[in-house]
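Chemist: I am sharing entry.pdb, which consists of PDB, C-alpha atoms:
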MODEL        1
ATOM      1  CA  MET A   1      10.476  25.025  -8.626
ATOM      2  CA  SER A   2       7.899  26.534  -6.262
ATOM      3  CA  LYS A   3       6.355  24.430  -3.533
ATOM      4  CA  ILE A   4       3.053  22.685  -4.123
ATOM      5  CA  ARG A   5       0.279  22.923  -1.566
ATOM      6  CA  ILE A   6      -0.998  19.551  -0.330
ATOM      7  CA  ALA A   7      -3.676  18.912   2.300
ATOM      8  CA  GLN A   8      -4.680  15.770   4.169
ATOM      9  CA  TYR A   9      -8.209  14.354   4.401
ATOM     10  CA  GLY A  10      -8.655  12.173   7.486
ATOM     11  CA  THR A  11      -6.453  10.943  10.311
ATOM     12  CA  LYS A  12      -7.737   7.463  11.197
ATOM     13  CA  HIS A  13      -5.745   5.358   8.758
ATOM     14  CA  GLY A  14      -2.873   3.513  10.405
ATOM     15  CA  HIS A  15      -0.375   5.418   8.226
ATOM     16  CA  ALA A  16      -1.943   8.874   8.661
ATOM     17  CA  SER A  17       0.525  10.410  11.101
ATOM     18  CA  GLY A  18       3.525   9.074   9.170
ATOM     19  CA  LYS A  19       2.190  10.457   5.906
ATOM     20  CA  LEU A  20       1.604  13.880   7.474
ATOM     21  CA  LEU A  21       5.167  13.839   8.823
ATOM     22  CA  ALA A  22       6.433  12.978   5.325
ATOM     23  CA  LEU A  23       4.507  15.940   3.902
ATOM     24  CA  LYS A  24       6.030  18.252   6.497
ATOM     25  CA  ARG A  25       9.556  17.013   5.796
ATOM     26  CA  ASN A  26       9.387  17.359   2.007
ATOM     27  CA  ASP A  27      11.060  20.568   0.789
ATOM     28  CA  SER A  28       8.828  20.667  -2.295
ATOM     29  CA  VAL A  29       5.595  20.639  -0.276
ATOM     30  CA  GLU A  30       3.702  23.229   1.687
ATOM     31  CA  VAL A  31       1.222  21.539   4.025
ATOM     32  CA  ALA A  32      -2.016  23.474   3.595
ATOM     33  CA  GLY A  33      -3.784  21.745   6.501
ATOM     34  CA  LEU A  34      -6.046  18.827   7.191
ATOM     35  CA  PHE A  35      -9.679  17.961   7.721
ATOM     36  CA  GLU A  36     -10.929  15.276  10.100
ATOM     37  CA  PRO A  37     -14.709  14.709   9.978
ATOM     38  CA  ASP A  38     -14.832  13.174  13.479
ATOM     39  CA  ARG A  39     -14.872  16.165  15.845
ATOM     40  CA  ASN A  40     -13.869  14.047  18.833
ATOM     41  CA  ARG A  41     -10.858  12.753  16.919
ATOM     42  CA  ARG A  42      -9.958  16.301  15.888
ATOM     43  CA  ALA A  43     -10.179  17.517  19.486
ATOM     44  CA  GLU A  44      -7.898  14.654  20.539
ATOM     45  CA  LEU A  45      -5.244  15.546  17.958
ATOM     46  CA  GLU A  46      -5.379  19.340  17.821
ATOM     47  CA  ASN A  47      -3.285  19.683  20.956
ATOM     48  CA  ALA A  48      -1.212  16.545  20.452
ATOM     49  CA  ASP A  49       2.538  16.523  20.038
ATOM     50  CA  GLY A  50       4.196  15.048  16.981
ATOM     51  CA  PRO A  51       3.175  15.486  13.320
ATOM     52  CA  TYR A  52      -0.191  17.090  14.116
ATOM     53  CA  ALA A  53       1.325  19.900  16.199
ATOM     54  CA  GLY A  54       1.013  23.290  14.552
ATOM     55  CA  THR A  55      -1.099  22.025  11.655
ATOM     56  CA  HIS A  56      -3.996  24.089  10.299
ATOM     57  CA  TRP A  57      -7.372  22.351  10.685
ATOM     58  CA  TYR A  58     -10.185  22.922   8.228
ATOM     59  CA  ASP A  59     -13.740  23.128   9.565
ATOM     60  CA  SER A  60     -15.257  21.314   6.589
ATOM     61  CA  ALA A  61     -14.229  19.182   3.657
ATOM     62  CA  ASP A  62     -15.613  21.815   1.291
ATOM     63  CA  GLU A  63     -13.409  24.519   2.803
ATOM     64  CA  MET A  64     -10.371  22.374   1.992
ATOM     65  CA  LEU A  65     -11.469  20.980  -1.376
ATOM     66  CA  SER A  66     -12.689  24.294  -2.773
ATOM     67  CA  ASP A  67      -9.292  25.938  -2.264
ATOM     68  CA  PRO A  68      -7.799  26.245  -5.786
ATOM     69  CA  THR A  69      -4.262  26.619  -4.420
ATOM     70  CA  ILE A  70      -4.340  23.043  -3.079
ATOM     71  CA  ILE A  71      -3.024  20.826  -5.864
ATOM     72  CA  ALA A  72      -3.238  17.439  -4.175
ATOM     73  CA  VAL A  73      -4.667  15.736  -1.098
ATOM     74  CA  ALA A  74      -3.492  12.738   0.942
ATOM     75  CA  ALA A  75      -6.481  10.455   1.647
ATOM     76  CA  GLU A  76      -5.905   9.106   5.166
ATOM     77  CA  GLY A  77      -9.325   8.186   6.530
ATOM     78  CA  LEU A  78     -10.369   4.771   7.795
ATOM     79  CA  ASN A  79     -10.643   2.115   5.109
ATOM     80  CA  ALA A  80     -14.421   2.475   5.383
ATOM     81  CA  GLU A  81     -14.169   6.225   4.709
ATOM     82  CA  SER A  82     -11.340   6.640   2.271
ATOM     83  CA  LEU A  83     -12.968   5.715  -1.047
ATOM     84  CA  ASP A  84     -15.735   8.295  -0.562
ATOM     85  CA  GLN A  85     -13.102  10.822   0.468
ATOM     86  CA  THR A  86     -11.011  10.044  -2.596
ATOM     87  CA  GLU A  87     -14.026  10.395  -4.871
ATOM     88  CA  ALA A  88     -14.644  13.852  -3.401
ATOM     89  CA  ILE A  89     -10.982  14.821  -3.845
ATOM     90  CA  VAL A  90     -10.989  13.781  -7.513
ATOM     91  CA  ALA A  91     -14.337  15.520  -8.094
ATOM     92  CA  ALA A  92     -12.676  18.685  -6.785
ATOM     93  CA  GLY A  93      -9.971  18.338  -9.467
ATOM     94  CA  LYS A  94      -7.069  17.382  -7.208
ATOM     95  CA  HIS A  95      -4.437  14.647  -7.378
ATOM     96  CA  VAL A  96      -4.620  11.964  -4.660
ATOM     97  CA  TRP A  97      -2.005  10.211  -2.549
ATOM     98  CA  TYR A  98      -4.392   7.451  -1.496
ATOM     99  CA  ASP A  99      -3.654   5.086   1.361
ATOM    100  CA  LYS A 100      -4.587   1.467   0.857
ATOM    101  CA  PRO A 101      -6.835  -0.347   0.166
ATOM    102  CA  ALA A 102      -9.143   1.294  -2.379
ATOM    103  CA  GLY A 103     -12.437   0.454  -0.669
ATOM    104  CA  ASP A 104     -14.950  -2.376  -1.048
ATOM    105  CA  ASN A 105     -17.054  -0.873  -3.814
ATOM    106  CA  TRP A 106     -15.507  -1.976  -7.115
ATOM    107  CA  PRO A 107     -17.846   0.018  -9.401
ATOM    108  CA  GLN A 108     -17.180   3.140  -7.337
ATOM    109  CA  TRP A 109     -13.398   2.702  -7.518
ATOM    110  CA  GLN A 110     -13.648   2.225 -11.291
ATOM    111  CA  ARG A 111     -15.726   5.399 -11.495
ATOM    112  CA  VAL A 112     -13.184   7.368  -9.437
ATOM    113  CA  VAL A 113     -10.318   6.220 -11.658
ATOM    114  CA  ALA A 114     -12.295   7.056 -14.811
ATOM    115  CA  ASN A 115     -12.968  10.550 -13.459
ATOM    116  CA  ALA A 116      -9.279  10.990 -12.638
ATOM    117  CA  ARG A 117      -8.311   9.955 -16.173
ATOM    118  CA  ALA A 118     -10.831  12.387 -17.651
ATOM    119  CA  GLN A 119      -9.225  15.250 -15.707
ATOM    120  CA  ASN A 120      -5.627  14.057 -16.212
ATOM    121  CA  LEU A 121      -5.256  13.601 -12.461
ATOM    122  CA  HIS A 122      -2.799  11.254 -10.783
ATOM    123  CA  ILE A 123      -3.815   8.745  -8.109
ATOM    124  CA  GLN A 124      -0.948   6.993  -6.338
ATOM    125  CA  MET A 125      -1.759   4.213  -3.901
ATOM    126  CA  GLY A 126       0.121   4.062  -0.605
ATOM    127  CA  PHE A 127       1.902   0.759  -1.121
ATOM    128  CA  MET A 128       5.171   1.715   0.528
ATOM    129  CA  LEU A 129       6.958  -1.578  -0.259
ATOM    130  CA  ARG A 130       7.290  -0.388  -3.862
ATOM    131  CA  TYR A 131       9.965   1.947  -2.542
ATOM    132  CA  SER A 132      11.908  -0.650  -0.578
ATOM    133  CA  GLU A 133      15.280  -1.258  -2.214
ATOM    134  CA  ALA A 134      14.940  -4.978  -1.499
ATOM    135  CA  PHE A 135      11.486  -5.301  -3.092
ATOM    136  CA  HIS A 136      12.533  -3.176  -6.050
ATOM    137  CA  GLN A 137      15.574  -5.379  -6.656
ATOM    138  CA  VAL A 138      13.634  -8.637  -6.434
ATOM    139  CA  ALA A 139      10.878  -7.349  -8.734
ATOM    140  CA  THR A 140      13.482  -6.144 -11.238
ATOM    141  CA  TRP A 141      15.121  -9.569 -11.288
ATOM    142  CA  ALA A 142      11.758 -11.297 -11.653
ATOM    143  CA  ARG A 143      10.443  -9.041 -14.430
ATOM    144  CA  SER A 144      13.692  -9.032 -16.416
ATOM    145  CA  GLY A 145      13.982 -12.827 -16.741
ATOM    146  CA  PHE A 146      17.046 -12.957 -14.492
ATOM    147  CA  LEU A 147      15.326 -15.663 -12.388
ATOM    148  CA  GLY A 148      14.032 -17.503 -15.449
ATOM    149  CA  HIS A 149      10.380 -18.493 -15.546
ATOM    150  CA  VAL A 150       8.810 -17.375 -12.260
ATOM    151  CA  PHE A 151       6.577 -20.212 -11.127
ATOM    152  CA  SER A 152       5.914 -19.314  -7.483
ATOM    153  CA  ILE A 153       5.645 -16.306  -5.206
ATOM    154  CA  ARG A 154       5.106 -16.712  -1.466
ATOM    155  CA  ALA A 155       4.470 -13.889   0.942
ATOM    156  CA  ASN A 156       3.800 -13.655   4.653
ATOM    157  CA  MET A 157       2.662 -10.307   6.042
ATOM    158  CA  SER A 158       1.378 -11.254   9.478
ATOM    159  CA  THR A 159       1.043  -8.757  12.281
ATOM    160  CA  HIS A 160      -0.456  -8.278  15.721
ATOM    161  CA  ILE A 161      -3.325  -5.859  16.168
ATOM    162  CA  PRO A 162      -5.401  -5.185  19.291
ATOM    163  CA  VAL A 163      -9.001  -6.270  19.757
ATOM    164  CA  ALA A 164     -10.310  -2.727  19.221
ATOM    165  CA  ALA A 165      -8.714  -2.561  15.783
ATOM    166  CA  ARG A 166     -10.123  -5.982  14.891
ATOM    167  CA  GLU A 167     -13.607  -4.792  15.827
ATOM    168  CA  ILE A 168     -13.294  -1.711  13.601
ATOM    169  CA  ILE A 169     -12.222  -3.758  10.575
ATOM    170  CA  ALA A 170     -14.828  -6.484  11.180
ATOM    171  CA  ALA A 171     -17.618  -3.904  11.271
ATOM    172  CA  SER A 172     -17.012  -2.801   7.691
ATOM    173  CA  HIS A 173     -14.986  -5.312   5.679
ATOM    174  CA  LYS A 174     -14.939  -8.941   4.635
ATOM    175  CA  ALA A 175     -11.801 -11.034   5.074
ATOM    176  CA  GLY A 176     -10.485  -9.162   8.108
ATOM    177  CA  ILE A 177      -6.735  -8.765   8.249
ATOM    178  CA  PHE A 178      -6.344  -9.971   4.654
ATOM    179  CA  TYR A 179      -8.440  -7.083   3.347
ATOM    180  CA  ASP A 180      -6.439  -4.651   5.430
ATOM    181  CA  LEU A 181      -2.901  -5.733   4.515
ATOM    182  CA  ALA A 182      -2.776  -8.013   1.468
ATOM    183  CA  GLY A 183      -2.665  -5.139  -1.019
ATOM    184  CA  HIS A 184       0.944  -4.389  -0.096
ATOM    185  CA  VAL A 185       2.200  -7.740  -1.371
ATOM    186  CA  LEU A 186      -0.491  -8.149  -4.054
ATOM    187  CA  ASP A 187       0.968  -4.965  -5.507
ATOM    188  CA  GLN A 188       4.215  -6.898  -5.952
ATOM    189  CA  VAL A 189       2.588 -10.129  -7.132
ATOM    190  CA  VAL A 190       0.587  -8.605  -9.991
ATOM    191  CA  TRP A 191       3.508  -6.314 -10.928
ATOM    192  CA  ILE A 192       5.541  -9.482 -11.511
ATOM    193  CA  LEU A 193       2.915 -11.963 -12.765
ATOM    194  CA  GLY A 194      -0.005  -9.888 -14.065
ATOM    195  CA  ARG A 195      -3.685 -10.723 -13.608
ATOM    196  CA  PRO A 196      -4.430 -14.117 -12.032
ATOM    197  CA  LYS A 197      -6.760 -16.524 -13.806
ATOM    198  CA  LYS A 198      -8.304 -17.769 -10.572
ATOM    199  CA  VAL A 199      -8.354 -16.461  -7.011
ATOM    200  CA  THR A 200      -9.320 -18.341  -3.847
ATOM    201  CA  GLY A 201      -9.428 -16.998  -0.329
ATOM    202  CA  TYR A 202      -9.460 -18.815   3.021
ATOM    203  CA  PHE A 203     -10.524 -16.627   5.921
ATOM    204  CA  HIS A 204     -10.829 -17.932   9.484
ATOM    205  CA  ASN A 205     -11.052 -16.749  13.041
ATOM    206  CA  HIS A 206      -8.683 -18.983  15.001
ATOM    207  CA  SER A 207      -7.922 -16.807  18.011
ATOM    208  CA  GLY A 208     -11.483 -16.758  19.343
ATOM    209  CA  GLN A 209     -11.263 -12.973  19.669
ATOM    210  CA  VAL A 210     -13.802 -10.918  17.693
ATOM    211  CA  PRO A 211     -15.406 -13.919  15.942
ATOM    212  CA  ALA A 212     -16.583 -11.813  12.985
ATOM    213  CA  PHE A 213     -12.966 -10.856  12.234
ATOM    214  CA  SER A 214     -10.849 -13.152  10.043
ATOM    215  CA  ASP A 215      -7.528 -13.310  11.870
ATOM    216  CA  ASN A 216      -5.862 -16.249  10.105
ATOM    217  CA  THR A 217      -6.022 -15.928   6.336
ATOM    218  CA  LEU A 218      -4.645 -17.243   3.067
ATOM    219  CA  GLY A 219      -5.043 -16.165  -0.551
ATOM    220  CA  VAL A 220      -4.128 -18.474  -3.438
ATOM    221  CA  PHE A 221      -3.645 -16.890  -6.862
ATOM    222  CA  GLU A 222      -3.451 -19.076  -9.957
ATOM    223  CA  PHE A 223      -1.752 -17.840 -13.140
ATOM    224  CA  GLU A 224      -1.179 -19.530 -16.491
ATOM    225  CA  ASN A 225       2.092 -21.093 -15.331
ATOM    226  CA  ALA A 226       2.542 -19.911 -11.766
ATOM    227  CA  LEU A 227       1.039 -19.837  -8.292
ATOM    228  CA  ALA A 228       1.176 -17.173  -5.601
ATOM    229  CA  PHE A 229       0.368 -17.644  -1.916
ATOM    230  CA  ILE A 230      -0.225 -14.855   0.589
ATOM    231  CA  ASP A 231      -0.795 -15.707   4.247
ATOM    232  CA  ILE A 232      -1.608 -13.097   6.858
ATOM    233  CA  ALA A 233      -2.504 -13.541  10.526
ATOM    234  CA  ALA A 234      -3.417 -10.877  13.053
ATOM    235  CA  MET A 235      -2.002 -12.454  16.206
ATOM    236  CA  GLN A 236       1.662 -13.045  15.434
ATOM    237  CA  PRO A 237       4.013 -12.383  18.370
ATOM    238  CA  GLN A 238       6.351  -9.422  18.027
ATOM    239  CA  PRO A 239       8.696  -8.771  16.367
ATOM    240  CA  MET A 240       6.886  -9.613  13.129
ATOM    241  CA  ALA A 241       8.465 -12.290  10.934
ATOM    242  CA  ARG A 242       7.458 -11.142   7.464
ATOM    243  CA  ARG A 243       8.974 -12.749   4.371
ATOM    244  CA  PHE A 244       8.740 -12.435   0.573
ATOM    245  CA  GLU A 245       9.908 -15.142  -1.846
ATOM    246  CA  VAL A 246      10.090 -15.275  -5.648
ATOM    247  CA  HIS A 247      11.033 -18.601  -7.228
ATOM    248  CA  GLY A 248      12.029 -19.077 -10.865
ATOM    249  CA  ASP A 249      13.457 -22.044 -12.734
ATOM    250  CA  GLN A 250      16.848 -20.295 -13.034
ATOM    251  CA  GLY A 251      16.974 -18.734  -9.589
ATOM    252  CA  SER A 252      15.138 -17.675  -6.459
ATOM    253  CA  ALA A 253      15.228 -14.449  -4.472
ATOM    254  CA  ILE A 254      14.003 -14.217  -0.900
ATOM    255  CA  ILE A 255      13.788 -11.023   1.128
ATOM    256  CA  MET A 256      14.770 -12.396   4.494
ATOM    257  CA  GLU A 257      12.502 -11.831   7.452
ATOM    258  CA  PRO A 258      11.601  -9.323   8.560
ATOM    259  CA  PHE A 259      11.179  -7.783   5.098
ATOM    260  CA  GLU A 260      10.979  -4.390   6.760
ATOM    261  CA  PRO A 261      13.555  -2.846   6.816
ATOM    262  CA  GLY A 262      14.676  -5.290   4.109
ATOM    263  CA  LYS A 263      18.367  -5.596   4.892
ATOM    264  CA  GLN A 264      19.163  -8.907   3.222
ATOM    265  CA  ILE A 265      18.216 -10.908   0.114
ATOM    266  CA  ARG A 266      19.037 -14.583  -0.292
ATOM    267  CA  LEU A 267      19.764 -15.165  -3.966
ATOM    268  CA  CYS A 268      20.223 -18.673  -5.350
ATOM    269  CA  LEU A 269      21.153 -19.104  -9.020
ATOM    270  CA  GLN A 270      21.272 -22.118 -11.313
ATOM    271  CA  GLU A 271      24.247 -20.568 -13.117
ATOM    272  CA  ALA A 272      26.501 -17.554 -12.518
ATOM    273  CA  GLN A 273      25.291 -14.360 -14.187
ATOM    274  CA  ASP A 274      25.543 -10.547 -13.969
ATOM    275  CA  GLY A 275      28.326 -10.677 -11.415
ATOM    276  CA  TYR A 276      26.550 -13.142  -9.113
ATOM    277  CA  VAL A 277      27.873 -16.645  -8.508
ATOM    278  CA  LYS A 278      26.199 -19.974  -9.063
ATOM    279  CA  GLY A 279      24.391 -21.252  -5.960
ATOM    280  CA  GLU A 280      23.561 -19.433  -2.745
ATOM    281  CA  GLN A 281      24.659 -15.922  -1.804
ATOM    282  CA  PHE A 282      23.374 -13.199   0.503
ATOM    283  CA  ILE A 283      23.095  -9.574  -0.630
ATOM    284  CA  ASP A 284      23.228  -7.039   2.184
ATOM    285  CA  LEU A 285      21.349  -3.772   1.823
ATOM    286  CA  PRO A 286      21.091  -0.688   4.042
ATOM    287  CA  GLY A 287      17.332  -1.119   4.450
ATOM    288  CA  SER A 288      14.730   1.596   4.970
ATOM    289  CA  ASP A 289      12.497   2.143   7.947
ATOM    290  CA  ARG A 290       8.770   2.733   7.424
ATOM    291  CA  GLN A 291       8.996   6.518   7.646
ATOM    292  CA  LYS A 292      11.715   6.615   4.982
ATOM    293  CA  LEU A 293       9.491   4.558   2.685
ATOM    294  CA  TYR A 294       6.635   7.038   3.159
ATOM    295  CA  GLU A 295       9.022   9.838   2.245
ATOM    296  CA  LYS A 296      10.178   8.005  -0.888
ATOM    297  CA  GLU A 297       6.525   7.446  -1.853
ATOM    298  CA  LEU A 298       5.883  11.152  -1.545
ATOM    299  CA  GLU A 299       8.950  12.102  -3.591
ATOM    300  CA  VAL A 300       7.610  10.037  -6.488
ATOM    301  CA  PHE A 301       4.078  11.417  -6.078
ATOM    302  CA  VAL A 302       5.332  15.010  -6.097
ATOM    303  CA  GLY A 303       7.659  14.374  -9.032
ATOM    304  CA  THR A 304       4.829  12.835 -11.020
ATOM    305  CA  ILE A 305       2.373  15.684 -10.502
ATOM    306  CA  GLN A 306       5.115  18.261 -11.147
ATOM    307  CA  GLY A 307       5.908  16.504 -14.416
ATOM    308  CA  THR A 308       9.535  15.740 -13.615
ATOM    309  CA  GLN A 309       9.026  11.976 -13.869
ATOM    310  CA  GLN A 310       6.589   9.370 -15.122
ATOM    311  CA  PRO A 311       4.447   7.553 -12.540
ATOM    312  CA  ASP A 312       5.950   4.347 -11.148
ATOM    313  CA  ARG A 313       2.586   2.614 -11.627
ATOM    314  CA  LEU A 314      -0.150   3.495 -14.080
ATOM    315  CA  LEU A 315      -3.800   3.670 -13.073
ATOM    316  CA  ASP A 316      -4.400   0.329 -14.820
ATOM    317  CA  HIS A 317      -2.066  -1.266 -12.291
ATOM    318  CA  GLU A 318      -3.791   0.411  -9.339
ATOM    319  CA  LEU A 319      -7.098  -0.956 -10.648
ATOM    320  CA  LEU A 320      -5.650  -4.445 -11.054
ATOM    321  CA  VAL A 321      -4.325  -4.612  -7.486
ATOM    322  CA  GLN A 322      -7.718  -3.690  -6.048
ATOM    323  CA  GLU A 323      -9.629  -5.965  -8.414
ATOM    324  CA  THR A 324      -7.413  -8.878  -7.369
ATOM    325  CA  LEU A 325      -7.849  -8.095  -3.676
ATOM    326  CA  LEU A 326     -11.637  -7.934  -4.026
ATOM    327  CA  ARG A 327     -11.724 -11.153  -6.056
ATOM    328  CA  ALA A 328      -9.966 -12.806  -3.115
ATOM    329  CA  THR A 329     -12.154 -11.311  -0.391
ATOM    330  CA  GLY A 330     -15.471 -11.833  -2.152
ATOM    331  CA  GLY A 331     -16.008  -8.170  -2.996
ATOM    332  CA  ILE A 332     -16.130  -9.237  -6.645
ATOM    333  CA  ALA A 333     -17.866 -12.501  -7.534
TER     334      ALA A 333
ENDMDL
END
I'd like the structure from this file rewritten - as structure tokens, please.
Modeler:
Amino acid sequence: MSKIRIAQYGTKHGHASGKLLALKRNDSVEVAGLFEPDRNRRAELENADGPYAGTHWYDSADEMLSDPTIIAVAAEGLNAESLDQTEAIVAAGKHVWYDKPAGDNWPQWQRVVANARAQNLHIQMGFMLRYSEAFHQVATWARSGFLGHVFSIRANMSTHIPVAAREIIAASHKAGIFYDLAGHVLDQVVWILGRPKKVTGYFHNHSGQVPAFSDNTLGVFEFENALAFIDIAAMQPQPMARRFEVHGDQGSAIIMEPFEPGKQIRLCLQEAQDGYVKGEQFIDLPGSDRQKLYEKELEVFVGTIQGTQQPDRLLDHELLVQETLLRATGGIA
């Protein structure tokens, strides 16, 4: 099968360089080039080493988007830029590999998805944990009934980001670090439990740095017969101690911290089943580093738009993740 030409729109998302590297490493992709609207940022990167080296730079978005040989575009602008960029990409008739989250404007995101559907275009959100072997295994157990009735999911995705990054997020988005990161684990929560009945967010600044930025946050998601809790702070000491837990009445599965690279699951079963013993056991996995997860994301995106596989998540799911995030942050009443 011939290579498909993919471009990149923007460079300021935290995953932008890793996504460009994934594009360059994929044998099914020809990197057409990239456009960065900030000329100072472009000047900084044009002569940089690493993924940006040797890349063609477009002088305008129109130059890139009007090229009929470009089949898809990776949307990698700042969170405050990326929804507008994605709308332009879809309007140009191109598939989108869209890095999270899907903006603050819920009607606009719905409009973008509707336009993509009308043109039979694929939008795949950049939630890389979908492609973690550990997360995939836990979700499979939870969705299949292996753990019984799932009554609780708990996730911690804390991090440490510098003051400058906090200022950028605070200038454009409610709920601070929760807005920025919660989508990764919300993607898992709604995949397992569906749409929550009620959503409550608690967003505080407890470090004293950048008072407008919520740096210590909690989301509580209430379902018919389950609860989910997501806590995220922005000032956790390194290395990060991230953890993901799914609890059912017949078993629990915990991706032990740190959940990246996801090398171990603690499984506890009420009764032996499917080759696993009753009680506690630890399942060791090879794990995947962040770059490998980006590359797995891209493999699925390319396979979907080439028609060699079905999408891992339908657009209805991508809408649900963002709706749930915005219900938590106050972006939807």
Chemist: Using the chain letters and residue numbers of this document, give as an MDAnalysis selection string the residues selected by the PyMOL selection byres ((chain A and resi 84) around 10).
Modeler: chainID A and resid 75 77 79:83 85:89 102:103 105 108:109 112
Chemist: Restricting the calculation to only C-alpha atoms: of A:Val29, A:Leu320, A:Ala22, A:Ala328, which residue gets closest to A:Leu293?
Modeler: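 Nearest candidate to A:Leu293 out of A:Val29, A:Leu320, A:Ala22, A:Ala328: A:Ala22.
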Chemist: Excluding stretch 62-70 of chain A and residues on its chain fewer than 3 positions from it, collect all residues at most 7 Å away from it, counting all atoms listed in the file, and give them as a VMD selection string.
Modeler: chain A and resid 5 to 7 58 to 59 89 92
Chemist: Suppose we keep C-alpha atoms; can you now write the selection as a compact mmCIF listing (two decimals), keeping the file's coordinate frame?
Modeler:
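Generated file (again_24.txt):
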# COMPACT_ATOMS: atom_id res chain seq x y z
CA ARG A 5 0.28 22.92 -1.57
CA ILE A 6 -1.00 19.55 -0.33
CA ALA A 7 -3.68 18.91 2.30
CA TYR A 58 -10.18 22.92 8.23
CA ASP A 59 -13.74 23.13 9.56
CA ILE A 89 -10.98 14.82 -3.84
CA ALA A 92 -12.68 18.68 -6.78
Chemist: Given all atoms listed in the file as the basis, pick out the residue of A:Arg290, A:Arg39, A:Arg166, A:Arg266 nearest to A:Ser252.
Modeler: A:Arg266
Chemist: Just the number, please: distance in Å from atom CA of A:Trp97 to atom CA of A:Ile169, one decimal.
Modeler: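 One can read the atom CA of A:Trp97 to atom CA of A:Ile169 distance as 21.7 Å.
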